[in-house]
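Below: one structure, written as structure tokens.
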Amino acid sequence: MEGFMESEGMHYEGNCIRPPSEANSILLQVTLGCSHNKCTFCGTYQDKRFNIKDDKTILSDILFAAKYMRRQDRVFLMDGDALIIPQKRLLWILERIQENLSWVKRVGAYANTKSIGMKSPDELVALKEKGLTILYLGVESGDEATLKAIRKGTTGQNLIDMGRKVKDAGMKLSVTVLLGIAGRERSLEHAKATGELLSAMDPNYIGALTVMVIPGTPLYEDYEKGRFQLPDEMGLLMELREMIVHTHLTRGLFFSNHASNYLPIKARLPNGKQDALNLIDQALKGGVDLRPEWMRAL
Ligand code: SF4
């Protein structure tokens, strides 16, 4: 490819996010924004129209990383859902990574049900063989009424099917669920249905984050007008408890150690479940220091 200028550095545009577990990865921005961009709580990509970046810019960033990021052995493909890139182009990106960043052991990306649905099982296997070995999927809730209310654009069953499709391709699946997203009234229904969905999906990693109400989002408007009420600290803990009670994994890690959570939990399921429940029960009785409000952050 002609005319790239590796001296320009990485070509990041706008607000960029990555999962906490990709903090030390080479962050390669291959798309802008999210192809869905409708979830009521999400303010991440409001500044961007979804777009796939051009091959020249992507290659320039890979070559920059080849020169200056030789100690990082993971790549994370940003932004919102890189899996939506057409198969041939995505394979091309993965091949350039293998060719130029030979020390990289793992490539990850965000996905959603639409982008997983657009790939055939064989295509997912082909991507995995080229190094894309972990996908991150935002589940948020297993409760149909909540999924509808937050405009997730999918159903619980579809989330289960798409999650299983990723696992069947031999990829690792990491999902996030949102504590508090169903408001006060549906809190426990949301928790139970989410645990049941997670059991049916059986992901490798589950991150339970506490929803943050972000100015400028439809959820914020509902919050301001009193139509959405966040459960209080104890309510969120009860929600987390109920979710864990209903989550049965073959083998997986359930964590809620995100900065937005009041009580950090890390449980290997199935064996660590009782310990996690005991810790939550202790916290519910006031026996554990909860993270003070000022320490909660996005
Ligand atoms: S799919 Fe993810 S990135 Fe896209 S709008 Fe929803 S929460 Fe935000």
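In the structure tokens, each chain is lettered A, B, ... as it comes, each chain's residues begin at 1, and ligands are numbered from 1 in order of appearance.
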Per residue of stretch 81-175 of chain A within 9 Å of stretch 57-71 of chain A, record the nearest atom pair and its distance in Å to one decimal, counting only C-alpha atoms, with rows in chain order and ascending residue number, as JSON lines.
```
{"residue": "A:Ile93", "atom": "CA", "partner": "A:Ile58", "partner_atom": "CA", "distance": 7.8}
{"residue": "A:Arg96", "atom": "CA", "partner": "A:Leu59", "partner_atom": "CA", "distance": 7.4}
{"residue": "A:Ile97", "atom": "CA", "partner": "A:Ile62", "partner_atom": "CA", "distance": 6.6}
{"residue": "A:Asn100", "atom": "CA", "partner": "A:Ala66", "partner_atom": "CA", "distance": 6.0}
{"residue": "A:Leu101", "atom": "CA", "partner": "A:Ala66", "partner_atom": "CA", "distance": 5.6}
{"residue": "A:Ser102", "atom": "CA", "partner": "A:Ala66", "partner_atom": "CA", "distance": 8.8}
{"residue": "A:Trp103", "atom": "CA", "partner": "A:Arg70", "partner_atom": "CA", "distance": 7.6}
{"residue": "A:Val104", "atom": "CA", "partner": "A:Arg70", "partner_atom": "CA", "distance": 8.7}
```
So which residues touch A:Pro231 within 10 Å, counting only C-alpha atoms, skipping near sequence neighbours fewer than 6 positions away, as a VMD selection string? chain A and resid 179 to 187 237 to 239
Compare A:Cys39, A:Met78, A:Ala23, A:Met162 by their minimum atom-to-atom distance to ligand 1, counting only C-alpha atoms and all ligand atoms, and give me the closest one.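 Comparing A:Cys39, A:Met78, A:Ala23, A:Met162 against ligand 1, the winner is A:Cys39.
With only C-alpha atoms and all ligand atoms as the atoms that count, the minimum distance from ligand 1 to the choices A:Glu140, A:Glu233, A:Asp54, A:Glu95 is reached by A:Glu140.
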Compute the set of protein, DNA and RNA residues whose minimum atom distance to ligand 1 is at most 8 Å, using only C-alpha atoms and all ligand atoms, and state it as a list in words.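 Based on only C-alpha atoms and all ligand atoms, ligand 1 is surrounded within 8 Å by Gly33, Cys34, Ser35, His36, Asn37, Lys38, Cys39, Thr40, Phe41, Cys42, Gly43, Thr44, Tyr45, Gly80, Asp81, Asn112, Gly138 and Lys152 of chain A.
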Residues of stretch 116-203 of chain A in helix (DSSP H, G or I) according to DSSP, as a compact mmCIF listing (two decimals) with N, CA, C and O atoms, in the first residue's frame?
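Saved the output as out_18.txt:
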```txt
# COMPACT_ATOMS: atom_id res chain seq x y z
N ILE A 116 -22.95 -10.84 14.51
CA ILE A 116 -22.71 -12.30 14.63
C ILE A 116 -23.65 -13.03 13.66
O ILE A 116 -23.25 -13.96 12.97
N GLY A 117 -24.90 -12.53 13.59
CA GLY A 117 -25.89 -13.16 12.70
C GLY A 117 -25.48 -13.10 11.24
O GLY A 117 -25.85 -13.96 10.43
N MET A 118 -24.74 -12.07 10.87
CA MET A 118 -24.34 -11.92 9.47
C MET A 118 -23.20 -12.85 9.05
O MET A 118 -22.91 -12.99 7.87
N PRO A 121 -21.40 -19.90 10.40
CA PRO A 121 -20.53 -20.59 11.35
C PRO A 121 -19.13 -20.80 10.77
O PRO A 121 -18.13 -20.61 11.48
N ASP A 122 -19.04 -21.14 9.49
CA ASP A 122 -17.72 -21.35 8.87
C ASP A 122 -16.91 -20.06 8.83
O ASP A 122 -15.68 -20.08 8.99
N GLU A 123 -17.60 -18.96 8.58
CA GLU A 123 -16.87 -17.67 8.54
C GLU A 123 -16.30 -17.33 9.92
O GLU A 123 -15.18 -16.82 10.03
N LEU A 124 -17.07 -17.62 10.96
CA LEU A 124 -16.56 -17.35 12.31
C LEU A 124 -15.33 -18.22 12.60
O LEU A 124 -14.34 -17.74 13.16
N VAL A 125 -15.38 -19.47 12.16
CA VAL A 125 -14.23 -20.36 12.36
C VAL A 125 -13.02 -19.81 11.60
O VAL A 125 -11.89 -19.78 12.13
N ALA A 126 -13.25 -19.32 10.38
CA ALA A 126 -12.14 -18.78 9.58
C ALA A 126 -11.52 -17.57 10.28
O ALA A 126 -10.29 -17.40 10.29
N LEU A 127 -12.36 -16.74 10.89
CA LEU A 127 -11.84 -15.56 11.61
C LEU A 127 -11.03 -16.00 12.83
O LEU A 127 -9.98 -15.44 13.13
N LYS A 128 -11.55 -17.01 13.49
CA LYS A 128 -10.84 -17.51 14.67
C LYS A 128 -9.47 -18.05 14.26
O LYS A 128 -8.46 -17.81 14.93
N GLU A 129 -9.45 -18.76 13.14
CA GLU A 129 -8.16 -19.32 12.70
C GLU A 129 -7.16 -18.24 12.31
O GLU A 129 -5.96 -18.46 12.33
N GLU A 144 -37.16 -9.56 28.61
CA GLU A 144 -37.64 -9.03 27.31
C GLU A 144 -38.13 -7.58 27.42
O GLU A 144 -37.84 -6.76 26.56
N ALA A 145 -38.90 -7.30 28.49
CA ALA A 145 -39.45 -5.94 28.63
C ALA A 145 -38.30 -4.93 28.74
O ALA A 145 -38.37 -3.82 28.18
N THR A 146 -37.25 -5.31 29.43
CA THR A 146 -36.10 -4.40 29.59
C THR A 146 -35.35 -4.24 28.27
O THR A 146 -34.99 -3.13 27.88
N LEU A 147 -35.14 -5.34 27.57
CA LEU A 147 -34.42 -5.27 26.28
C LEU A 147 -35.17 -4.32 25.33
O LEU A 147 -34.57 -3.56 24.58
N LYS A 148 -36.50 -4.40 25.38
CA LYS A 148 -37.31 -3.55 24.52
C LYS A 148 -37.19 -2.09 24.96
O LYS A 148 -36.98 -1.19 24.15
N ALA A 149 -37.31 -1.89 26.27
CA ALA A 149 -37.28 -0.53 26.80
C ALA A 149 -35.95 0.17 26.50
O ALA A 149 -35.91 1.38 26.25
N GLY A 156 -33.99 -11.92 23.91
CA GLY A 156 -33.19 -12.79 24.76
C GLY A 156 -32.77 -14.05 24.01
O GLY A 156 -31.62 -14.48 24.09
N GLN A 157 -33.74 -14.64 23.28
CA GLN A 157 -33.42 -15.89 22.57
C GLN A 157 -32.34 -15.66 21.52
O GLN A 157 -31.43 -16.47 21.35
N ASN A 158 -32.44 -14.53 20.82
CA ASN A 158 -31.43 -14.24 19.80
C ASN A 158 -30.06 -14.03 20.43
O ASN A 158 -29.03 -14.47 19.90
N LEU A 159 -30.05 -13.38 21.59
CA LEU A 159 -28.77 -13.20 22.30
C LEU A 159 -28.16 -14.56 22.66
O LEU A 159 -26.97 -14.79 22.46
N ILE A 160 -29.01 -15.47 23.14
CA ILE A 160 -28.52 -16.81 23.49
C ILE A 160 -27.97 -17.50 22.24
O ILE A 160 -26.85 -18.03 22.23
N ASP A 161 -28.76 -17.46 21.15
CA ASP A 161 -28.34 -18.16 19.92
C ASP A 161 -27.02 -17.59 19.39
O ASP A 161 -26.13 -18.34 18.98
N MET A 162 -26.91 -16.27 19.40
CA MET A 162 -25.69 -15.66 18.84
C MET A 162 -24.48 -15.91 19.74
O MET A 162 -23.37 -16.11 19.28
N GLY A 163 -24.72 -15.91 21.04
CA GLY A 163 -23.63 -16.21 21.97
C GLY A 163 -23.13 -17.63 21.78
O GLY A 163 -21.92 -17.90 21.74
N ARG A 164 -24.07 -18.55 21.60
CA ARG A 164 -23.68 -19.96 21.42
C ARG A 164 -22.95 -20.15 20.10
O ARG A 164 -22.04 -20.97 19.98
N LYS A 165 -23.38 -19.36 19.11
CA LYS A 165 -22.73 -19.47 17.79
C LYS A 165 -21.24 -19.09 17.90
O LYS A 165 -20.38 -19.73 17.29
N VAL A 166 -20.96 -18.07 18.69
CA VAL A 166 -19.57 -17.65 18.90
C VAL A 166 -18.78 -18.77 19.59
O VAL A 166 -17.68 -19.13 19.18
N LYS A 167 -19.39 -19.35 20.62
CA LYS A 167 -18.70 -20.42 21.34
C LYS A 167 -18.52 -21.66 20.48
O LYS A 167 -17.48 -22.32 20.52
N ASP A 168 -19.53 -21.97 19.68
CA ASP A 168 -19.43 -23.15 18.79
C ASP A 168 -18.30 -22.99 17.78
O ASP A 168 -17.77 -23.97 17.28
N SER A 187 -36.35 -4.59 38.83
CA SER A 187 -35.00 -4.98 39.22
C SER A 187 -34.82 -6.51 39.37
O SER A 187 -33.93 -7.11 38.76
N LEU A 188 -35.68 -7.13 40.15
CA LEU A 188 -35.47 -8.56 40.43
C LEU A 188 -35.88 -9.46 39.27
O LEU A 188 -35.26 -10.50 39.03
N GLU A 189 -36.90 -9.02 38.51
CA GLU A 189 -37.27 -9.78 37.29
C GLU A 189 -36.09 -9.78 36.32
O GLU A 189 -35.74 -10.78 35.72
N HIS A 190 -35.52 -8.59 36.16
CA HIS A 190 -34.35 -8.42 35.28
C HIS A 190 -33.21 -9.32 35.75
O HIS A 190 -32.57 -10.01 34.94
N ALA A 191 -32.98 -9.34 37.05
CA ALA A 191 -31.86 -10.12 37.59
C ALA A 191 -32.06 -11.61 37.32
O ALA A 191 -31.15 -12.30 36.86
N LYS A 192 -33.26 -12.10 37.59
CA LYS A 192 -33.55 -13.53 37.41
C LYS A 192 -33.46 -13.90 35.93
O LYS A 192 -32.77 -14.86 35.56
N ALA A 193 -34.12 -13.11 35.08
CA ALA A 193 -34.12 -13.43 33.64
C ALA A 193 -32.71 -13.34 33.07
O ALA A 193 -32.34 -14.12 32.19
N THR A 194 -31.91 -12.42 33.58
CA THR A 194 -30.54 -12.28 33.08
C THR A 194 -29.70 -13.49 33.49
O THR A 194 -28.94 -14.04 32.69
N GLY A 195 -29.87 -13.94 34.74
CA GLY A 195 -29.16 -15.14 35.20
C GLY A 195 -29.55 -16.33 34.33
O GLY A 195 -28.70 -17.14 33.91
N GLU A 196 -30.84 -16.45 34.02
CA GLU A 196 -31.31 -17.58 33.20
C GLU A 196 -30.74 -17.50 31.78
O GLU A 196 -30.33 -18.51 31.21
N LEU A 197 -30.70 -16.29 31.24
CA LEU A 197 -30.12 -16.13 29.90
C LEU A 197 -28.64 -16.52 29.91
O LEU A 197 -28.16 -17.24 29.03
N LEU A 198 -27.94 -16.07 30.93
CA LEU A 198 -26.50 -16.37 31.02
C LEU A 198 -26.28 -17.88 31.14
O LEU A 198 -25.35 -18.44 30.54
N SER A 199 -27.15 -18.56 31.87
CA SER A 199 -27.03 -20.01 32.02
C SER A 199 -27.20 -20.69 30.67
O SER A 199 -26.49 -21.64 30.33
N ALA A 200 -28.17 -20.22 29.87
CA ALA A 200 -28.43 -20.83 28.57
C ALA A 200 -27.31 -20.51 27.57
O ALA A 200 -27.00 -21.29 26.69
N MET A 201 -26.70 -19.36 27.73
CA MET A 201 -25.65 -18.93 26.80
C MET A 201 -24.29 -19.53 27.18
O MET A 201 -23.49 -19.88 26.33
```
Extract, using only C-alpha atoms, all DNA, RNA and protein residues at most 10 Å from A:Pro19, discarding same-chain residues fewer than 4 positions from it, and format them as JSON, numbers by chain. {"A": [23, 76, 108, 109, 110, 136, 174, 176, 207]}
Using only C-alpha atoms for the distances, tell me which of A:Asp202, A:Glu224, A:Asp55, A:Asp275 is nearest to A:Lys88.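 With only C-alpha atoms as the atom set, the closest residue is A:Asp55.
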According to DSSP computed on the backbone, where in stretch 219-274 of chain A is there strand (DSSP E or B)? Give the residues as number ranges by chain. A: 252-255, 266-269
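Comparing A:Val177, A:Ile17, A:Val75, A:Leu240 by their smallest distance to A:Ala208, the closest is A:Val177 (using only C-alpha atoms).
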Take atom CA of A:Arg268 and atom CA of A:Gly252 and report the distance between them in Å, one decimal.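 Interatomic distance here is 5.9 Å.
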